[in-house]
$ cat target_39.txt   # compact mmCIF, C-alpha atoms
# COMPACT_ATOMS: atom_id res chain seq x y z
CA MET A 1 31.14 33.12 24.98
CA MET A 2 34.58 33.42 26.66
CA SER A 3 37.84 31.76 25.67
CA SER A 4 41.07 31.41 27.62
CA THR A 5 44.64 31.68 26.31
CA HIS A 6 47.46 30.87 28.75
CA GLY A 7 45.22 31.69 31.70
CA ILE A 8 44.05 35.00 30.22
CA SER A 9 40.30 35.28 29.66
CA VAL A 10 39.32 36.74 26.31
CA VAL A 11 35.78 38.04 25.77
CA PRO A 12 34.84 38.49 22.09
CA SER A 13 33.83 42.03 21.26
CA GLN A 14 30.31 43.04 20.25
CA ALA A 15 31.69 43.74 16.78
CA TYR A 16 32.71 40.07 16.56
CA TYR A 17 29.15 38.95 17.27
CA ARG A 18 27.70 41.48 14.83
CA ASN A 19 30.01 40.30 12.06
CA ASP A 20 29.20 36.68 12.82
CA ILE A 21 25.45 37.28 12.73
CA HIS A 22 25.79 39.33 9.53
CA LEU A 23 27.65 36.46 7.86
CA MET A 24 25.05 33.93 9.01
CA SER A 25 22.28 36.19 7.64
CA LYS A 26 23.77 36.27 4.15
CA VAL A 27 23.36 33.88 1.21
CA LYS A 28 24.86 33.76 -2.27
CA VAL A 29 22.54 32.97 -5.18
CA THR A 30 23.92 31.96 -8.59
CA GLY A 31 22.34 30.76 -11.83
CA ILE A 32 19.77 33.56 -11.89
CA ALA A 33 18.11 34.12 -15.27
CA ARG A 34 19.34 37.30 -17.00
CA ASP A 35 15.79 38.69 -17.25
CA THR A 36 15.20 38.37 -13.48
CA SER A 37 14.99 41.75 -11.76
CA LYS A 38 15.95 42.64 -8.22
CA SER A 39 12.25 43.09 -7.46
CA THR A 40 11.44 39.57 -8.69
CA LEU A 41 14.28 38.16 -6.61
CA HIS A 42 13.04 40.08 -3.57
CA ASP A 43 9.51 38.73 -4.03
CA PHE A 44 10.81 35.18 -4.24
CA PHE A 45 13.10 35.23 -1.22
CA SER A 46 10.89 37.41 1.00
CA PHE A 47 8.94 34.26 1.89
CA CYS A 48 12.03 33.27 3.91
CA GLY A 49 11.99 36.42 6.03
CA LYS A 50 12.73 40.12 5.98
CA ILE A 51 15.43 41.13 3.49
CA THR A 52 17.72 44.05 4.33
CA GLU A 53 19.88 44.11 1.20
CA ILE A 54 20.16 42.58 -2.28
CA GLU A 55 23.25 43.07 -4.41
CA LEU A 56 22.67 41.84 -7.96
CA GLN A 57 25.59 41.23 -10.31
CA GLU A 58 25.66 40.65 -14.07
CA GLU A 59 27.65 37.64 -15.28
CA GLN A 60 28.37 36.18 -18.69
CA LYS A 61 25.41 33.81 -18.95
CA HIS A 62 23.46 34.42 -15.76
CA LYS A 63 23.16 36.81 -12.86
CA SER A 64 24.26 36.26 -9.28
CA ALA A 65 23.17 37.96 -6.09
CA THR A 66 24.12 38.39 -2.47
CA ILE A 67 21.06 38.55 -0.24
CA VAL A 68 21.23 39.71 3.36
CA PHE A 69 18.35 38.89 5.68
CA GLU A 70 17.47 40.46 8.98
CA ARG A 71 17.80 37.14 10.81
CA PRO A 72 20.04 34.07 10.37
CA SER A 73 16.98 31.80 10.50
CA ALA A 74 15.70 33.42 7.29
CA ALA A 75 19.03 32.73 5.56
CA LYS A 76 18.80 29.11 6.65
CA THR A 77 15.35 28.88 5.07
CA ALA A 78 16.78 30.37 1.85
CA LEU A 79 19.41 27.62 1.78
CA MET A 80 16.53 25.15 1.72
CA LEU A 81 15.65 26.56 -1.73
CA ASP A 82 18.89 25.40 -3.35
CA GLY A 83 17.89 23.84 -6.69
CA SER A 84 14.60 25.75 -6.97
CA ASN A 85 13.41 27.24 -10.25
CA LEU A 86 12.81 30.94 -10.91
CA ASN A 87 12.03 32.32 -14.37
CA GLY A 88 13.10 29.05 -15.97
CA ALA A 89 16.53 29.02 -14.31
CA THR A 90 17.77 26.68 -11.58
CA LEU A 91 19.04 28.63 -8.58
CA HIS A 92 22.01 27.58 -6.51
CA VAL A 93 21.83 28.99 -2.98
CA SER A 94 24.89 28.78 -0.73
CA SER A 95 26.51 30.43 2.27
CA ASP A 96 30.03 30.94 3.58
CA ALA A 97 28.80 30.55 7.16
CA GLU A 98 28.24 27.41 9.22
CA HIS A 99 24.52 27.27 9.90
CA ALA A 100 24.40 25.21 13.08
CA GLU A 101 21.04 24.30 14.52
CA GLU A 102 19.67 27.21 16.51
CA ALA A 103 19.59 26.87 20.25
CA GLY A 104 16.25 26.36 21.98
CA SER A 105 14.20 29.51 22.12
CA GLN A 106 14.20 31.48 25.37
CA GLU A 107 11.20 33.65 24.57
CA ASP A 108 8.97 34.97 27.32
CA PRO A 109 6.26 32.34 27.99
CA SER A 110 3.56 35.03 27.84
CA PRO A 111 1.14 34.91 24.87
CA VAL A 112 2.60 35.85 21.48
CA HIS A 113 0.49 38.12 19.27
CA HIS A 114 3.03 38.86 16.55
CA ILE A 115 5.34 36.61 14.56
CA GLU A 116 7.79 37.24 11.74
CA GLN A 117 7.86 35.29 8.50
CA SER A 118 11.10 33.65 9.64
CA ASP A 119 9.38 32.29 12.79
CA LYS A 120 7.17 29.98 10.74
CA PRO A 121 7.84 26.27 10.21
CA ARG A 122 9.73 25.58 6.98
CA ALA A 123 6.93 23.29 5.75
CA GLY A 124 4.46 26.16 6.20
CA ILE A 125 6.71 28.51 4.22
CA ALA A 126 7.02 25.89 1.48
CA ALA A 127 3.21 25.68 1.32
CA GLU A 128 3.06 29.47 0.89
CA TYR A 129 5.47 29.25 -2.06
CA LEU A 130 3.26 26.65 -3.75
CA ALA A 131 0.12 28.67 -3.04
CA LYS A 132 1.72 31.70 -4.67
CA GLY A 133 2.32 29.65 -7.83
CA TYR A 134 6.02 28.91 -7.50
CA GLN A 135 7.14 25.40 -8.33
CA LEU A 136 9.18 23.60 -5.68
CA SER A 137 10.35 20.05 -6.26
CA ASP A 138 9.38 17.27 -3.87
CA ARG A 139 13.05 17.12 -2.91
CA ILE A 140 12.87 20.71 -1.62
CA LEU A 141 9.59 20.02 0.18
CA GLN A 142 11.13 16.98 1.82
CA ARG A 143 14.09 19.14 2.84
CA ALA A 144 11.66 21.53 4.57
CA ILE A 145 10.10 18.64 6.46
CA GLU A 146 13.51 17.35 7.52
CA ILE A 147 14.58 20.77 8.85
CA ASP A 148 11.41 21.01 10.92
CA ASN A 149 11.94 17.46 12.16
CA LYS A 150 15.51 18.15 13.17
CA GLN A 151 15.06 21.63 14.62
CA GLY A 152 11.45 21.48 15.80
CA ILE A 153 8.85 24.25 15.62
CA SER A 154 9.94 27.50 17.28
CA LYS A 155 8.47 28.11 20.73
CA LYS A 156 7.41 31.56 19.61
CA PHE A 157 5.34 30.20 16.71
CA LEU A 158 3.85 27.43 18.86
CA SER A 159 2.80 30.01 21.45
CA TYR A 160 1.26 32.12 18.68
CA ILE A 161 -0.69 29.34 16.94
CA ASN A 162 -1.84 27.72 20.19
CA GLY A 163 -3.02 31.13 21.34
CA LEU A 164 -5.10 31.38 18.18
CA ASP A 165 -6.45 27.88 18.78
CA THR A 166 -7.69 29.05 22.17
CA SER A 167 -9.02 32.46 21.08
CA VAL A 168 -10.81 31.10 18.01
CA GLY A 169 -12.22 28.23 20.06
CA GLN A 170 -13.56 30.61 22.68
CA ARG A 171 -15.23 32.79 20.06
CA ALA A 172 -16.67 29.82 18.19
CA LEU A 173 -17.45 27.32 20.91
CA GLY A 174 -17.54 29.15 24.23
CA PRO A 175 -15.29 29.74 27.27
CA GLU A 176 -12.32 27.41 27.82
CA GLN A 177 -12.84 25.73 24.43
CA THR A 178 -10.24 25.11 21.72
CA ILE A 179 -10.64 24.10 18.10
CA SER A 180 -8.20 21.21 18.58
CA GLY A 181 -10.24 19.80 21.45
CA LYS A 182 -13.59 19.76 19.66
CA VAL A 183 -15.06 16.99 17.52
CA GLN A 184 -15.49 17.52 13.78
CA SER A 185 -19.31 17.41 13.84
CA THR A 186 -19.51 20.78 15.62
CA PHE A 187 -17.33 22.71 13.18
CA SER A 188 -19.94 23.98 10.70
CA GLN A 189 -21.92 25.78 13.40
CA ALA A 190 -18.73 26.91 15.15
CA ARG A 191 -17.31 28.39 11.96
CA GLU A 192 -20.41 30.51 11.32
CA ARG A 193 -20.30 31.86 14.86
CA ALA A 194 -16.58 32.58 14.77
CA MET A 195 -16.75 34.34 11.40
CA SER A 196 -19.66 36.47 12.57
CA ILE A 197 -17.77 37.59 15.68
CA ASN A 198 -14.61 38.15 13.62
CA GLU A 199 -16.46 40.49 11.28
CA GLN A 200 -17.96 42.42 14.18
CA LYS A 201 -14.54 42.98 15.77
CA GLY A 202 -12.60 43.49 12.54
CA ILE A 203 -10.37 40.50 13.31
CA SER A 204 -10.68 39.17 9.76
CA LYS A 205 -8.82 42.26 8.52
CA THR A 206 -5.66 41.56 10.51
CA ALA A 207 -2.61 39.99 8.92
CA HIS A 208 -3.11 36.63 10.64
CA GLU A 209 -6.61 36.12 9.29
CA TYR A 210 -5.71 33.00 7.34
CA TYR A 211 -4.69 31.10 10.47
CA SER A 212 -7.66 32.29 12.51
CA LYS A 213 -10.16 31.56 9.74
CA ALA A 214 -8.60 28.22 8.83
CA LEU A 215 -8.75 27.06 12.45
CA ALA A 216 -12.48 27.84 12.50
CA THR A 217 -13.25 25.56 9.54
CA PRO A 218 -14.15 21.85 9.54
CA VAL A 219 -10.46 21.10 8.87
CA GLY A 220 -9.28 23.27 11.75
CA GLN A 221 -7.73 20.35 13.60
CA LYS A 222 -5.80 19.33 10.49
CA VAL A 223 -4.50 22.89 9.98
CA LEU A 224 -3.41 23.11 13.61
CA SER A 225 -1.65 19.75 13.36
CA PHE A 226 0.18 20.84 10.21
CA TYR A 227 1.67 23.87 11.94
CA THR A 228 2.41 22.32 15.33
CA ASN A 229 3.63 18.79 14.50
CA THR A 230 6.83 17.94 12.67
CA SER A 231 5.60 14.56 11.46
CA LYS A 232 4.26 15.13 7.95
CA GLN A 233 4.69 14.12 4.31
CA VAL A 234 5.14 16.04 1.06
CA PHE A 235 1.43 15.51 0.35
CA ASP A 236 0.55 17.45 3.50
CA ILE A 237 2.42 20.52 2.20
CA HIS A 238 0.52 20.38 -1.10
CA GLU A 239 -2.73 20.02 0.83
CA GLU A 240 -1.98 23.08 2.97
CA ALA A 241 -1.06 25.04 -0.17
CA ARG A 242 -4.50 24.25 -1.61
CA ARG A 243 -6.15 25.50 1.59
CA ILE A 244 -4.23 28.78 1.33
CA VAL A 245 -5.25 29.16 -2.33
CA ASP A 246 -8.90 28.52 -1.45
CA HIS A 247 -8.67 31.15 1.29
CA HIS A 248 -7.32 33.77 -1.12
CA LYS A 249 -10.04 32.93 -3.66
CA SER A 250 -12.67 33.34 -0.98
CA ARG A 251 -11.19 36.71 0.02
CA ARG A 252 -11.26 37.97 -3.56
CA GLN A 253 -14.87 36.87 -3.95
CA GLU A 254 -15.83 38.63 -0.72
CA THR A 255 -14.00 41.78 -1.82
CA SER A 256 -15.58 41.79 -5.28
CA SER A 257 -19.07 41.25 -3.87
CA THR A 258 -18.77 44.19 -1.47
CA ALA A 259 -16.78 46.61 -3.65
CA PRO A 260 -18.77 49.33 -5.49
CA ARG A 261 -19.17 48.61 -9.18
CA THR A 262 -17.50 51.00 -11.64
CA GLU A 263 -19.18 51.42 -15.00
CA GLY A 264 -17.72 52.57 -18.28
CA SER A 265 -14.29 52.37 -19.86
CA ASP A 266 -12.53 53.39 -16.63
CA ALA A 267 -13.43 50.13 -14.90
CA GLN A 268 -10.41 47.95 -14.15
CA SER A 269 -10.15 44.44 -12.81
CA GLU A 270 -8.36 43.78 -9.54
CA PRO A 271 -5.00 42.01 -9.70
CA THR A 272 -5.15 38.33 -8.76
CA THR A 273 -1.68 37.99 -7.30
CA GLN A 274 -0.93 38.14 -3.60
CA SER A 275 2.21 39.14 -1.76
CA ALA A 276 4.03 36.75 0.53
CA PRO A 277 1.70 35.91 3.44
CA THR A 278 2.71 37.46 6.73
CA ALA A 279 1.34 37.10 10.21
CA ALA A 280 1.00 39.64 12.91
$ encode --input "target_39.txt" --output "structure tokens"
Amino acid sequence: MMSSTHGISVVPSQAYYRNDIHLMSKVKVTGIARDTSKSTLHDFFSFCGKITEIELQEEQKHKSATIVFERPSAAKTALMLDGSNLNGATLHVSSDAEHAEEAGSQEDPSPVHHIEQSDKPRAGIAAEYLAKGYQLSDRILQRAIEIDNKQGISKKFLSYINGLDTSVGQRALGPEQTISGKVQSTFSQARERAMSINEQKGISKTAHEYYSKALATPVGQKVLSFYTNTSKQVFDIHEEARRIVDHHKSRRQETSSTAPRTEGSDAQSEPTTQSAPTAA
């Protein structure tokens, strides 16, 4: 960006841009319960995107924190969580920066095989919060829907998820096939074929396995629509959260059925909690 003063062109320095981006990547969180640790706060806000710094301060009745994200889009997602509940306390999330709508993405049109948490639609991130067990009010869920409606789904994420639609469809249904283009009656057979090929190639062990497996189920078209269309209701977020929970339950059952059994007093049960879902 270039400004002009009395006919003299002024080009902002790189330091100006860095400071601006740093400010837009930062949020202030107040009203934090006194027993909330930095680790707990990190777990909660990491659903928004990669965190680079958390500064936690003690106050008279509560704690407050300054959280710096790697990208401004993650900070904007965190602002969506204003009024959310953590450890029985209502969080107030604010920022000193103007968070204008991001300009249209200029990513390379070539296929995308890796996405960051902050690339995901806000409604999808909200579903991940619910699946993890956090409680978000319908007002916050509606806010997520409104942001997606206003800003649209990022081109990078659309390229990623549509690429999965094609690759899963080809594995399950044959060349030049997509899950979104196939009728529901074929999904049971397609899912078995896709899962079998996934296991052979180790695809199910990659970080994006939820998306690829979900697309190969009888509700694959519904999953694809959730992540690629901005027209949705609060109910749709709850429904996607249930699908994510069912996926994690299935994974734990598969892991427990294949893991070697340990006998005696040294046997320990596996933890049932999951970290924030990521995609690669």
$ closest_residue --input "target_39.txt" --among "A:Cys48, A:Ala131, A:Val27, A:Ala214" --to "Ile237 of chain A" --atoms "all atoms listed in the file"
A:Ala131
$ residues_around --input "target_39.txt" --residues "segment 86-97 of chain A" --least-positions-apart "5" --cutoff "8 Å" --atoms "all atoms listed in the file" --output "list in words"
Leu23, Met24, Lys26, Val27, Lys28, Val29, Thr30, Gly31, Ile32, Ala33, Asp35, Thr36, Ala78, Leu79, Leu81 and Tyr134 of chain A
$ closest_residue --input "target_39.txt" --among "A:Ala241, A:Val68, A:Val223, A:Ala123" --to "Asn149 of chain A" --atoms "all atoms listed in the file"
A:Ala123
$ atom_distance --input "target_39.txt" --atom1 "atom CA of Ala216 of chain A" --atom2 "atom CA of Glu254 of chain A"
17.4 Å
$ atom_distance --input "target_39.txt" --atom1 "atom CA of Val219 of chain A" --atom2 "atom CA of Tyr160 of chain A"
18.8 Å
$ atom_distance --input "target_39.txt" --atom1 "atom CA of Ser159 of chain A" --atom2 "atom CA of Ser212 of chain A"
13.9 Å
$ closest_residue --input "target_39.txt" --among "A:Arg243, A:Ser257, A:Thr166, A:Gly152" --to "Ser231 of chain A" --atoms "all atoms listed in the file"
A:Gly152
$ residues_around --input "target_39.txt" --residues "Phe44 of chain A" --least-positions-apart "5" --cutoff "12 Å" --atoms "only C-alpha atoms" --output "ChimeraX atom specification"
/A:29,32,36-39,49-51,67,78,81,84-87,91,125-126,128-130,132-136,275-277
$ write_last_selection --input "target_39.txt" --atoms "C-alpha atoms" --output "PDB file, keeping the file's coordinate frame"
ATOM      1  CA  VAL A  29      22.540  32.970  -5.180  1.00  0.00           C
ATOM      2  CA  ILE A  32      19.770  33.560 -11.890  1.00  0.00           C
ATOM      3  CA  THR A  36      15.200  38.370 -13.480  1.00  0.00           C
ATOM      4  CA  SER A  37      14.990  41.750 -11.760  1.00  0.00           C
ATOM      5  CA  LYS A  38      15.950  42.640  -8.220  1.00  0.00           C
ATOM      6  CA  SER A  39      12.250  43.090  -7.460  1.00  0.00           C
ATOM      7  CA  GLY A  49      11.990  36.420   6.030  1.00  0.00           C
ATOM      8  CA  LYS A  50      12.730  40.120   5.980  1.00  0.00           C
ATOM      9  CA  ILE A  51      15.430  41.130   3.490  1.00  0.00           C
ATOM     10  CA  ILE A  67      21.060  38.550  -0.240  1.00  0.00           C
ATOM     11  CA  ALA A  78      16.780  30.370   1.850  1.00  0.00           C
ATOM     12  CA  LEU A  81      15.650  26.560  -1.730  1.00  0.00           C
ATOM     13  CA  SER A  84      14.600  25.750  -6.970  1.00  0.00           C
ATOM     14  CA  ASN A  85      13.410  27.240 -10.250  1.00  0.00           C
ATOM     15  CA  LEU A  86      12.810  30.940 -10.910  1.00  0.00           C
ATOM     16  CA  ASN A  87      12.030  32.320 -14.370  1.00  0.00           C
ATOM     17  CA  LEU A  91      19.040  28.630  -8.580  1.00  0.00           C
ATOM     18  CA  ILE A 125       6.710  28.510   4.220  1.00  0.00           C
ATOM     19  CA  ALA A 126       7.020  25.890   1.480  1.00  0.00           C
ATOM     20  CA  GLU A 128       3.060  29.470   0.890  1.00  0.00           C
ATOM     21  CA  TYR A 129       5.470  29.250  -2.060  1.00  0.00           C
ATOM     22  CA  LEU A 130       3.260  26.650  -3.750  1.00  0.00           C
ATOM     23  CA  LYS A 132       1.720  31.700  -4.670  1.00  0.00           C
ATOM     24  CA  GLY A 133       2.320  29.650  -7.830  1.00  0.00           C
ATOM     25  CA  TYR A 134       6.020  28.910  -7.500  1.00  0.00           C
ATOM     26  CA  GLN A 135       7.140  25.400  -8.330  1.00  0.00           C
ATOM     27  CA  LEU A 136       9.180  23.600  -5.680  1.00  0.00           C
ATOM     28  CA  SER A 275       2.210  39.140  -1.760  1.00  0.00           C
ATOM     29  CA  ALA A 276       4.030  36.750   0.530  1.00  0.00           C
ATOM     30  CA  PRO A 277       1.700  35.910   3.440  1.00  0.00           C
TER      31      PRO A 277
END
$ axis_aligned_box --input "target_39.txt" --around "segment 225-232 of chain A" --padding-each-side "6 Å" --output "JSON"
{"center_x": 2.6, "center_y": 19.2, "center_z": 11.6, "size_x": 20.5, "size_y": 21.3, "size_z": 19.4}
$ closest_residue --input "target_39.txt" --among "A:Gln117, A:Ser46, A:Thr52, A:Ser137" --to "Phe235 of chain A" --atoms "only C-alpha atoms"
A:Ser137
$ residues_near_point --input "target_39.txt" --point "(1.0, 15.8, 2.6)" --cutoff "12 Å" --atoms "only C-alpha atoms" --output "PyMOL selection string"
chain A and resi 123-124+126-127+138+141-142+145+222-223+225-226+230-242
